[in-house]
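Inspection log for the structure reproduced underneath, given as structure tokens.
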Amino acid sequence: MLTPAPPTQPADAVPSRPRLRVPADGPLLLHSCCAPCSGEVMEALLAAGIEYTIFFYNPNIHPEKEYLLRKEENIRFAEQHSVPFVDADYDTPNWFARVRGLEREPERGARCAACFDMRFERTALYAHEHGFPVIASSLGISRWKDMNQINGSGARAAARYASLTWWDYNWRKGGGAQRMIEISKREQFYQQEYCGCVYSFRDTNRHRAAQGRPPIKIGVKFYGRDAG
Ligand code: SF4
């Protein structure tokens with residue numbers, strides 16, 4: 001008798017989530033940059049039964065209207081899942097001081113390293129002061145980001161405290177990047193069109209102008225809906 005062939009997955013099927021293991025005992029402090037990037041990370045952590053708190057510290061985001069849109073979307077999703085959310089400072093003067101002289105750097109250059117360093121240093125400080133043994137960030141799930149740069153900044157920040165670990169998990173793998181888009185569409189998250197700072201806003205608009213596209217309009221584009 002012929003043995004029936006096992007069912008095959010369609011070529012575009014999203015693989016199931018890999019088994020997550022936190023590299024430390026105790027709750028995780030997850031730095032979140034926005035709802036679209038953290039949606040899959042949050043759901044993966046919940047599915048694995050990992051206890052965590054969101055830490056929203058992103059003084060790089062400009063202007064404030066954009067900052068509030070991104071933050072409110074993240075709060076909405078955290079509340080939906082009953083995940084604790086720490087709303088940290090919007091200390092933009094400190095951010096501008098930190099990246100002074102790096103205004104002309106391209107994305108993924110020295111300005112971004114300084115930007116990650118600042119955000120993860122604050123994450124590490126909060127973790128140290130509030131008893132979190134491990135930190136991670138949703139930033140790395142975006143294909144626009146350099147994982148090595150993010151992991152370098154995260155490891156440097158965690159190394160400031162003897163008992164703190166940076167979790168360098170690659171959230172893109174195992175279908176994470178695809179699920180990030182699916183979740184964003186399902187939740188109709190606000191869809192930002194530039195990385196976040198005033199310089200990325202400037203450079204993205206220059207790129208769009210060179211392509212004959214209109215400048216970015218803040219607050220009009222949402223996943224799963226037509227752009228306004
Ligand atoms: S482009 Fe993005 S990561 Fe780089 S400095 Fe600006 S906000 Fe930070």
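Here, A, B, ... name the chains of the structure tokens in the order displayed, residue numbers run from 1 inside each chain, and ligands are numbered from 1 in the same displayed order.
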
Could you produce a table of the residues of region 59-143 of chain A lying within 7 Å of region 163-169 of chain A, with the nearest pair of atoms per residue and their separation in Å rounded to one decimal, using only C-alpha atoms, ordered by chain and increasing residue number, as a Markdown table?
| residue | atom | partner | partner_atom | distance |
| --- | --- | --- | --- | --- |
| A:Pro133 | CA | A:Leu164 | CA | 4.9 |
| A:Val134 | CA | A:Thr165 | CA | 4.7 |
| A:Ile135 | CA | A:Trp166 | CA | 5.2 |
| A:Ala136 | CA | A:Trp167 | CA | 5.2 |

Which residues come within 12 Å of Arg19 (chain A), counting only C-alpha atoms, excluding same-chain residues fewer than 4 positions away, as an mmCIF file with N, CA and C atoms, in the first residue's frame?
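out_27.cif, freshly written:
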data_model
loop_
_atom_site.group_PDB
_atom_site.id
_atom_site.type_symbol
_atom_site.label_atom_id
_atom_site.label_comp_id
_atom_site.auth_asym_id
_atom_site.auth_seq_id
_atom_site.Cartn_x
_atom_site.Cartn_y
_atom_site.Cartn_z
ATOM 1 N N PRO A 15 6.475 30.465 8.581
ATOM 2 C CA PRO A 15 6.858 29.409 9.515
ATOM 3 C C PRO A 15 6.322 29.699 10.920
ATOM 4 N N ALA A 44 4.830 37.219 20.423
ATOM 5 C CA ALA A 44 5.725 36.061 20.558
ATOM 6 C C ALA A 44 6.078 35.833 22.030
ATOM 7 N N LEU A 45 6.317 36.904 22.756
ATOM 8 C CA LEU A 45 6.643 36.777 24.181
ATOM 9 C C LEU A 45 5.445 36.245 24.962
ATOM 10 N N LEU A 46 4.269 36.746 24.620
ATOM 11 C CA LEU A 46 3.053 36.277 25.300
ATOM 12 C C LEU A 46 2.827 34.797 25.013
ATOM 13 N N ALA A 47 3.021 34.408 23.744
ATOM 14 C CA ALA A 47 2.799 33.011 23.361
ATOM 15 C C ALA A 47 3.760 32.083 24.100
ATOM 16 N N ALA A 48 4.958 32.606 24.423
ATOM 17 C CA ALA A 48 5.961 31.785 25.121
ATOM 18 C C ALA A 48 5.805 31.858 26.636
ATOM 19 N N GLY A 49 4.854 32.660 27.098
ATOM 20 C CA GLY A 49 4.632 32.763 28.551
ATOM 21 C C GLY A 49 5.729 33.540 29.258
ATOM 22 N N ILE A 50 6.403 34.438 28.536
ATOM 23 C CA ILE A 50 7.505 35.212 29.123
ATOM 24 C C ILE A 50 6.947 36.510 29.719
ATOM 25 N N TYR A 169 18.329 38.427 20.572
ATOM 26 C CA TYR A 169 17.493 37.565 19.718
ATOM 27 C C TYR A 169 17.155 38.265 18.389
ATOM 28 N N TRP A 171 14.582 38.913 15.988
ATOM 29 C CA TRP A 171 13.118 38.827 15.913
ATOM 30 C C TRP A 171 12.610 38.651 14.495
ATOM 31 N N LYS A 173 13.701 36.419 12.325
ATOM 32 C CA LYS A 173 13.771 35.052 11.820
ATOM 33 C C LYS A 173 12.505 34.256 12.159
ATOM 34 N N GLY A 174 12.402 33.090 11.502
ATOM 35 C CA GLY A 174 11.247 32.225 11.764
ATOM 36 C C GLY A 174 9.930 32.872 11.394
#

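Once His130 (chain A) and its same-chain neighbours fewer than 5 positions away are set aside, A:Gly26, A:Pro27, A:Leu28, A:Leu29, A:Thr53, A:Phe55, A:Val86, A:Thr123, A:Ala124, A:Leu125, A:Ile135, A:Leu164 remain within 12 Å of it when counting only C-alpha atoms.
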
Set out as a tab-separated table a contact list for region 34-92 of chain A and region 105-117 of chain A with a cut-off of 10 Å, giving each residue of region 34-92 of chain A that qualifies its closest atom pair and distance in Å to one decimal, counting only C-alpha atoms, ordered by chain and rising residue number.
residue	atom	partner	partner_atom	distance
A:Asn58	CA	A:Cys115	CA	9.0
A:Pro59	CA	A:Cys115	CA	9.1
A:Asn60	CA	A:Cys115	CA	7.2

How about saving the chosen residues, N, CA and C atoms kept, as a tab-separated table (two decimals), in the first residue's frame?
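Here's the written file selection.tsv:
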chain	number	residue	atom	x	y	z
A	58	ASN	N	11.81	57.07	23.50
A	58	ASN	CA	12.19	57.39	22.12
A	58	ASN	C	12.17	58.91	21.88
A	59	PRO	N	13.09	59.62	22.54
A	59	PRO	CA	13.11	61.09	22.37
A	59	PRO	C	13.64	61.52	21.00
A	60	ASN	N	14.03	60.55	20.21
A	60	ASN	CA	14.48	60.83	18.84
A	60	ASN	C	13.31	61.23	17.92

Check every protein, DNA and RNA residue against ligand 1, keep those with an atom at most 12 Å away (counting only C-alpha atoms and all ligand atoms), and present them as a JSON list (two decimals) with N, CA and C atoms, in the first residue's frame.
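Listing of pocket_27.json after writing:
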[["chain", "number", "residue", "atom", "x", "y", "z"],
["A", 33, "CYS", "N", 10.02, 50.64, 20.16],
["A", 33, "CYS", "CA", 10.15, 51.87, 19.35],
["A", 33, "CYS", "C", 8.80, 52.31, 18.80],
["A", 34, "CYS", "N", 7.88, 51.34, 18.59],
["A", 34, "CYS", "CA", 6.57, 51.66, 18.00],
["A", 34, "CYS", "C", 5.72, 50.39, 18.01],
["A", 57, "TYR", "N", 10.88, 54.59, 25.36],
["A", 57, "TYR", "CA", 11.80, 55.73, 25.51],
["A", 57, "TYR", "C", 12.38, 56.05, 24.14],
["A", 58, "ASN", "N", 11.81, 57.07, 23.50],
["A", 58, "ASN", "CA", 12.19, 57.39, 22.12],
["A", 58, "ASN", "C", 12.17, 58.91, 21.88],
["A", 59, "PRO", "N", 13.09, 59.62, 22.54],
["A", 59, "PRO", "CA", 13.11, 61.09, 22.37],
["A", 59, "PRO", "C", 13.64, 61.52, 21.00],
["A", 60, "ASN", "N", 14.03, 60.55, 20.21],
["A", 60, "ASN", "CA", 14.48, 60.83, 18.84],
["A", 60, "ASN", "C", 13.31, 61.23, 17.92],
["A", 61, "ILE", "N", 12.09, 60.79, 18.25],
["A", 61, "ILE", "CA", 10.97, 60.94, 17.31],
["A", 61, "ILE", "C", 10.53, 62.40, 17.22],
["A", 62, "HIS", "N", 10.43, 62.86, 16.02],
["A", 62, "HIS", "CA", 10.12, 64.27, 15.73],
["A", 62, "HIS", "C", 9.14, 64.34, 14.56],
["A", 63, "PRO", "N", 8.15, 65.25, 14.58],
["A", 63, "PRO", "CA", 7.82, 66.18, 15.65],
["A", 63, "PRO", "C", 7.01, 65.47, 16.75],
["A", 66, "GLU", "N", 4.05, 63.24, 15.80],
["A", 66, "GLU", "CA", 4.41, 61.89, 15.36],
["A", 66, "GLU", "C", 4.77, 61.02, 16.57],
["A", 67, "TYR", "N", 5.48, 61.60, 17.52],
["A", 67, "TYR", "CA", 5.86, 60.88, 18.73],
["A", 67, "TYR", "C", 4.61, 60.38, 19.47],
["A", 92, "THR", "N", 13.87, 65.52, 24.46],
["A", 92, "THR", "CA", 14.46, 65.82, 23.15],
["A", 92, "THR", "C", 15.73, 66.68, 23.22],
["A", 95, "TRP", "N", 18.52, 64.39, 23.49],
["A", 95, "TRP", "CA", 18.76, 63.62, 22.26],
["A", 95, "TRP", "C", 19.52, 64.46, 21.23],
["A", 96, "PHE", "N", 19.08, 65.70, 21.05],
["A", 96, "PHE", "CA", 19.77, 66.57, 20.08],
["A", 96, "PHE", "C", 21.22, 66.81, 20.50],
["A", 98, "ARG", "N", 23.03, 64.74, 22.13],
["A", 98, "ARG", "CA", 23.76, 63.48, 21.93],
["A", 98, "ARG", "C", 24.20, 63.29, 20.47],
["A", 99, "VAL", "N", 23.42, 63.77, 19.53],
["A", 99, "VAL", "CA", 23.74, 63.52, 18.11],
["A", 99, "VAL", "C", 24.33, 64.77, 17.43],
["A", 100, "ARG", "N", 24.68, 65.79, 18.26],
["A", 100, "ARG", "CA", 25.24, 67.00, 17.66],
["A", 100, "ARG", "C", 26.50, 66.67, 16.86],
["A", 101, "GLY", "N", 26.58, 67.24, 15.67],
["A", 101, "GLY", "CA", 27.73, 66.98, 14.80],
["A", 101, "GLY", "C", 27.51, 65.79, 13.87],
["A", 102, "LEU", "N", 26.41, 65.06, 14.11],
["A", 102, "LEU", "CA", 26.13, 63.85, 13.30],
["A", 102, "LEU", "C", 24.90, 64.05, 12.41],
["A", 103, "GLU", "N", 24.51, 65.31, 12.25],
["A", 103, "GLU", "CA", 23.27, 65.62, 11.53],
["A", 103, "GLU", "C", 23.29, 65.13, 10.08],
["A", 104, "ARG", "N", 24.46, 65.09, 9.48],
["A", 104, "ARG", "CA", 24.57, 64.71, 8.06],
["A", 104, "ARG", "C", 24.85, 63.23, 7.86],
["A", 105, "GLU", "N", 24.93, 62.50, 8.93],
["A", 105, "GLU", "CA", 25.21, 61.05, 8.82],
["A", 105, "GLU", "C", 24.05, 60.34, 8.11],
["A", 106, "PRO", "N", 24.37, 59.33, 7.30],
["A", 106, "PRO", "CA", 23.29, 58.56, 6.68],
["A", 106, "PRO", "C", 22.66, 57.61, 7.70],
["A", 107, "GLU", "N", 21.48, 57.11, 7.38],
["A", 107, "GLU", "CA", 20.85, 56.12, 8.23],
["A", 107, "GLU", "C", 21.75, 54.89, 8.31],
["A", 108, "ARG", "N", 21.86, 54.31, 9.49],
["A", 108, "ARG", "CA", 22.75, 53.19, 9.84],
["A", 108, "ARG", "C", 24.18, 53.67, 10.11],
["A", 109, "GLY", "N", 24.39, 54.97, 10.12],
["A", 109, "GLY", "CA", 25.73, 55.50, 10.39],
["A", 109, "GLY", "C", 25.91, 55.82, 11.87],
["A", 110, "ALA", "N", 26.86, 56.73, 12.14],
["A", 110, "ALA", "CA", 27.25, 57.04, 13.53],
["A", 110, "ALA", "C", 26.11, 57.67, 14.33],
["A", 111, "ARG", "N", 25.24, 58.46, 13.66],
["A", 111, "ARG", "CA", 24.13, 59.08, 14.40],
["A", 111, "ARG", "C", 23.20, 58.01, 14.95],
["A", 112, "CYS", "N", 22.95, 56.98, 14.15],
["A", 112, "CYS", "CA", 22.04, 55.92, 14.61],
["A", 112, "CYS", "C", 22.66, 55.14, 15.78],
["A", 113, "ALA", "N", 23.97, 54.94, 15.74],
["A", 113, "ALA", "CA", 24.61, 54.24, 16.87],
["A", 113, "ALA", "C", 24.43, 55.07, 18.14],
["A", 114, "ALA", "N", 24.62, 56.39, 18.03],
["A", 114, "ALA", "CA", 24.44, 57.26, 19.20],
["A", 114, "ALA", "C", 22.99, 57.24, 19.68],
["A", 115, "CYS", "N", 22.08, 57.21, 18.73],
["A", 115, "CYS", "CA", 20.64, 57.18, 19.04],
["A", 115, "CYS", "C", 20.27, 55.87, 19.76],
["A", 116, "PHE", "N", 20.78, 54.76, 19.28],
["A", 116, "PHE", "CA", 20.50, 53.47, 19.95],
["A", 116, "PHE", "C", 21.15, 53.45, 21.33],
["A", 117, "ASP", "N", 22.41, 53.94, 21.38],
["A", 117, "ASP", "CA", 23.11, 53.95, 22.68],
["A", 117, "ASP", "C", 22.29, 54.69, 23.72],
["A", 118, "MET", "N", 21.79, 55.86, 23.35],
["A", 118, "MET", "CA", 21.05, 56.68, 24.31],
["A", 118, "MET", "C", 19.78, 55.96, 24.77],
["A", 119, "ARG", "N", 19.05, 55.40, 23.83],
["A", 119, "ARG", "CA", 17.79, 54.74, 24.19],
["A", 119, "ARG", "C", 18.02, 53.48, 25.04],
["A", 120, "PHE", "N", 19.06, 52.73, 24.70],
["A", 120, "PHE", "CA", 19.31, 51.49, 25.45],
["A", 120, "PHE", "C", 19.98, 51.78, 26.80],
["A", 139, "LEU", "N", 13.46, 47.13, 18.08],
["A", 139, "LEU", "CA", 14.04, 47.84, 16.93],
["A", 139, "LEU", "C", 14.58, 46.90, 15.85],
["A", 140, "GLY", "N", 15.17, 45.79, 16.26],
["A", 140, "GLY", "CA", 15.85, 44.92, 15.31],
["A", 140, "GLY", "C", 14.93, 44.17, 14.36],
["A", 142, "SER", "N", 12.90, 45.39, 12.28],
["A", 142, "SER", "CA", 12.77, 46.12, 11.01],
["A", 142, "SER", "C", 13.95, 45.81, 10.09],
["A", 144, "TRP", "N", 15.08, 47.62, 7.94],
["A", 144, "TRP", "CA", 15.84, 48.85, 7.66],
["A", 144, "TRP", "C", 16.98, 49.02, 8.65],
["A", 145, "LYS", "N", 16.96, 48.23, 9.71],
["A", 145, "LYS", "CA", 17.96, 48.40, 10.76],
["A", 145, "LYS", "C", 19.10, 47.41, 10.61],
["A", 146, "ASP", "N", 20.26, 47.80, 11.13],
["A", 146, "ASP", "CA", 21.46, 46.95, 11.12],
["A", 146, "ASP", "C", 21.50, 46.20, 12.46],
["A", 147, "MET", "N", 21.26, 44.91, 12.40],
["A", 147, "MET", "CA", 21.20, 44.10, 13.63],
["A", 147, "MET", "C", 22.49, 44.19, 14.44],
["A", 149, "GLN", "N", 24.56, 46.66, 14.59],
["A", 149, "GLN", "CA", 24.63, 47.96, 15.24],
["A", 149, "GLN", "C", 23.73, 47.98, 16.48],
["A", 150, "ILE", "N", 22.55, 47.42, 16.34],
["A", 150, "ILE", "CA", 21.62, 47.37, 17.48],
["A", 150, "ILE", "C", 22.18, 46.49, 18.60],
["A", 153, "SER", "N", 25.01, 48.26, 20.47],
["A", 153, "SER", "CA", 24.53, 49.27, 21.42],
["A", 153, "SER", "C", 23.88, 48.61, 22.64],
["A", 192, "GLN", "N", 4.20, 54.68, 10.20],
["A", 192, "GLN", "CA", 5.15, 55.77, 10.04],
["A", 192, "GLN", "C", 5.94, 55.59, 8.75],
["A", 193, "GLU", "N", 6.33, 56.71, 8.15],
["A", 193, "GLU", "CA", 6.99, 56.64, 6.85],
["A", 193, "GLU", "C", 8.45, 57.06, 6.88],
["A", 194, "TYR", "N", 8.98, 57.24, 8.08],
["A", 194, "TYR", "CA", 10.42, 57.53, 8.22],
["A", 194, "TYR", "C", 10.85, 56.99, 9.57],
["A", 195, "CYS", "N", 12.17, 56.87, 9.75],
["A", 195, "CYS", "CA", 12.65, 56.21, 10.96],
["A", 195, "CYS", "C", 12.17, 56.91, 12.21],
["A", 196, "GLY", "N", 12.36, 58.24, 12.28],
["A", 196, "GLY", "CA", 11.85, 58.92, 13.47],
["A", 196, "GLY", "C", 12.39, 60.32, 13.69],
["A", 197, "CYS", "N", 13.70, 60.52, 13.52],
["A", 197, "CYS", "CA", 14.26, 61.83, 13.87],
["A", 197, "CYS", "C", 14.04, 62.84, 12.74],
["A", 198, "VAL", "N", 14.30, 64.09, 13.05],
["A", 198, "VAL", "CA", 14.11, 65.17, 12.07],
["A", 198, "VAL", "C", 15.03, 64.97, 10.86],
["A", 199, "TYR", "N", 16.17, 64.33, 11.08],
["A", 199, "TYR", "CA", 17.11, 64.13, 9.97],
["A", 199, "TYR", "C", 16.64, 63.00, 9.05],
["A", 200, "SER", "N", 16.03, 61.98, 9.62],
["A", 200, "SER", "CA", 15.48, 60.91, 8.77],
["A", 200, "SER", "C", 14.24, 61.43, 8.03],
["A", 201, "PHE", "N", 13.51, 62.33, 8.66],
["A", 201, "PHE", "CA", 12.37, 62.98, 8.00],
["A", 201, "PHE", "C", 12.86, 63.78, 6.79],
["A", 202, "ARG", "N", 13.93, 64.56, 7.02],
["A", 202, "ARG", "CA", 14.53, 65.37, 5.94],
["A", 202, "ARG", "C", 15.01, 64.46, 4.79],
["A", 203, "ASP", "N", 15.76, 63.42, 5.14],
["A", 203, "ASP", "CA", 16.36, 62.58, 4.09],
["A", 203, "ASP", "C", 15.31, 61.77, 3.35],
["A", 204, "THR", "N", 14.29, 61.30, 4.05],
["A", 204, "THR", "CA", 13.22, 60.55, 3.37],
["A", 204, "THR", "C", 12.47, 61.45, 2.41]]

Practice problem: Please indicate the distance in Å from CA of Glu64 (chain A) to CA of Arg213 (chain A), rounded to one decimal place. | Solution: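 Separation between CA of Glu64 (chain A) and CA of Arg213 (chain A): 24.0 Å.
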
Self-check item: Minimum-distance residue to Phe222 (chain A), chosen among A:Glu40, A:Glu73, A:Asp87, A:Glu121 (using only C-alpha atoms)
Solution: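 Closest residue, counting only C-alpha atoms: A:Glu73.
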
List every residue of region 173-206 of chain A that has an atom at most 12 Å from any atom of region 75-82 of chain A, and for each one report the closest atom pair and its distance in Å to one decimal, counting only C-alpha atoms, with rows sorted by chain and then by increasing residue number, as JSON lines.
{"residue": "A:Ile183", "atom": "CA", "partner": "A:Phe77", "partner_atom": "CA", "distance": 10.7}
{"residue": "A:Ser184", "atom": "CA", "partner": "A:Phe77", "partner_atom": "CA", "distance": 10.5}
{"residue": "A:Arg186", "atom": "CA", "partner": "A:Phe77", "partner_atom": "CA", "distance": 11.7}
{"residue": "A:Glu187", "atom": "CA", "partner": "A:Phe77", "partner_atom": "CA", "distance": 8.4}
{"residue": "A:Gln188", "atom": "CA", "partner": "A:Phe77", "partner_atom": "CA", "distance": 10.8}
{"residue": "A:Phe189", "atom": "CA", "partner": "A:Phe77", "partner_atom": "CA", "distance": 9.1}
{"residue": "A:Tyr190", "atom": "CA", "partner": "A:Arg76", "partner_atom": "CA", "distance": 11.3}

Practice problem: Determine which residues of region 20-224 of chain A receive a DSSP assignment of strand (DSSP E), computed from the backbone, and state them as number ranges by chain. | Solution: A: 28-31, 52-56, 85-87, 134-137, 165-166

Quiz item: In Å, how far is it from CA of Phe56 (chain A) to CA of Ala88 (chain A)?
Solution: 5.8 Å

Exercise. Between CA of Ile54 (chain A) and CA of Val83 (chain A), measure the distance and give it in Å to one decimal.
Key: 7.2 Å

Quiz item: Out of region 36-84 of chain A, which residues get alpha helix (DSSP H) from DSSP, as a ChimeraX atom specification?
Solution: /A:36-47,64-80

Any chance you can output those residues with N, CA and C atoms as a CSV table (one decimal), in the first residue's frame?
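The resulting again07.csv:
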chain,number,residue,atom,x,y,z
A,36,PRO,N,4.0,48.9,15.4
A,36,PRO,CA,4.3,47.9,14.3
A,36,PRO,C,5.5,47.0,14.6
A,37,CYS,N,6.6,47.6,15.1
A,37,CYS,CA,7.8,46.8,15.3
A,37,CYS,C,7.5,45.9,16.5
A,38,SER,N,6.9,46.4,17.6
A,38,SER,CA,6.7,45.5,18.8
A,38,SER,C,5.6,44.6,18.7
A,39,GLY,N,4.6,44.7,17.8
A,39,GLY,CA,3.5,43.9,17.8
A,39,GLY,C,3.8,42.4,17.8
A,40,GLU,N,4.7,42.0,16.8
A,40,GLU,CA,5.0,40.6,16.7
A,40,GLU,C,5.9,40.2,17.9
A,41,VAL,N,6.8,41.0,18.4
A,41,VAL,CA,7.6,40.7,19.5
A,41,VAL,C,6.8,40.5,20.7
A,42,MET,N,5.8,41.4,20.9
A,42,MET,CA,4.9,41.2,22.1
A,42,MET,C,4.1,39.9,22.0
A,43,GLU,N,3.6,39.6,20.9
A,43,GLU,CA,2.7,38.4,20.8
A,43,GLU,C,3.6,37.2,20.9
A,44,ALA,N,4.8,37.2,20.4
A,44,ALA,CA,5.7,36.1,20.6
A,44,ALA,C,6.1,35.8,22.0
A,45,LEU,N,6.3,36.9,22.8
A,45,LEU,CA,6.6,36.8,24.2
A,45,LEU,C,5.4,36.2,25.0
A,46,LEU,N,4.3,36.7,24.6
A,46,LEU,CA,3.1,36.3,25.3
A,46,LEU,C,2.8,34.8,25.0
A,47,ALA,N,3.0,34.4,23.7
A,47,ALA,CA,2.8,33.0,23.4
A,47,ALA,C,3.8,32.1,24.1
A,64,GLU,N,6.6,66.3,17.7
A,64,GLU,CA,5.9,65.7,18.9
A,64,GLU,C,4.6,65.0,18.4
A,65,LYS,N,3.9,65.5,17.4
A,65,LYS,CA,2.7,64.9,16.9
A,65,LYS,C,2.9,63.5,16.5
A,66,GLU,N,4.0,63.2,15.8
A,66,GLU,CA,4.4,61.9,15.4
A,66,GLU,C,4.8,61.0,16.6
A,67,TYR,N,5.5,61.6,17.5
A,67,TYR,CA,5.9,60.9,18.7
A,67,TYR,C,4.6,60.4,19.5
A,68,LEU,N,3.6,61.3,19.6
A,68,LEU,CA,2.4,60.9,20.4
A,68,LEU,C,1.6,59.9,19.6
A,69,LEU,N,1.6,60.0,18.3
A,69,LEU,CA,0.8,59.0,17.5
A,69,LEU,C,1.5,57.6,17.7
A,70,ARG,N,2.8,57.5,17.6
A,70,ARG,CA,3.5,56.2,17.8
A,70,ARG,C,3.3,55.7,19.2
A,71,LYS,N,3.4,56.5,20.1
A,71,LYS,CA,3.3,56.1,21.5
A,71,LYS,C,1.8,55.6,21.8
A,72,GLU,N,0.8,56.4,21.4
A,72,GLU,CA,-0.5,56.0,21.7
A,72,GLU,C,-0.9,54.7,21.1
A,73,GLU,N,-0.4,54.4,19.9
A,73,GLU,CA,-0.7,53.1,19.3
A,73,GLU,C,-0.1,52.0,20.1
A,74,ASN,N,1.1,52.2,20.6
A,74,ASN,CA,1.8,51.2,21.4
A,74,ASN,C,1.1,51.0,22.7
A,75,ILE,N,0.6,52.1,23.3
A,75,ILE,CA,-0.2,51.9,24.6
A,75,ILE,C,-1.5,51.1,24.3
A,76,ARG,N,-2.1,51.5,23.2
A,76,ARG,CA,-3.4,50.8,22.9
A,76,ARG,C,-3.2,49.3,22.8
A,77,PHE,N,-2.1,48.9,22.1
A,77,PHE,CA,-1.8,47.4,22.0
A,77,PHE,C,-1.4,46.8,23.3
A,78,ALA,N,-0.6,47.5,24.1
A,78,ALA,CA,-0.2,47.0,25.4
A,78,ALA,C,-1.4,46.8,26.3
A,79,GLU,N,-2.4,47.7,26.3
A,79,GLU,CA,-3.6,47.6,27.1
A,79,GLU,C,-4.4,46.4,26.7
A,80,GLN,N,-4.5,46.3,25.4
A,80,GLN,CA,-5.3,45.1,24.8
A,80,GLN,C,-4.8,43.8,25.3

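Proximity ranking of A:Arg172, A:Arg21, A:His128, A:Lys185 relative to Gly224 (chain A) places A:Lys185 first, based on only C-alpha atoms.
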
Quiz item: For Tyr161 (chain A), which of A:Ala35, A:Ala127, A:Ala209, A:Ile216 is the closest residue, counting only C-alpha atoms?
Solution: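 Distance minimum relative to Tyr161 (chain A) lands on A:Ala127.
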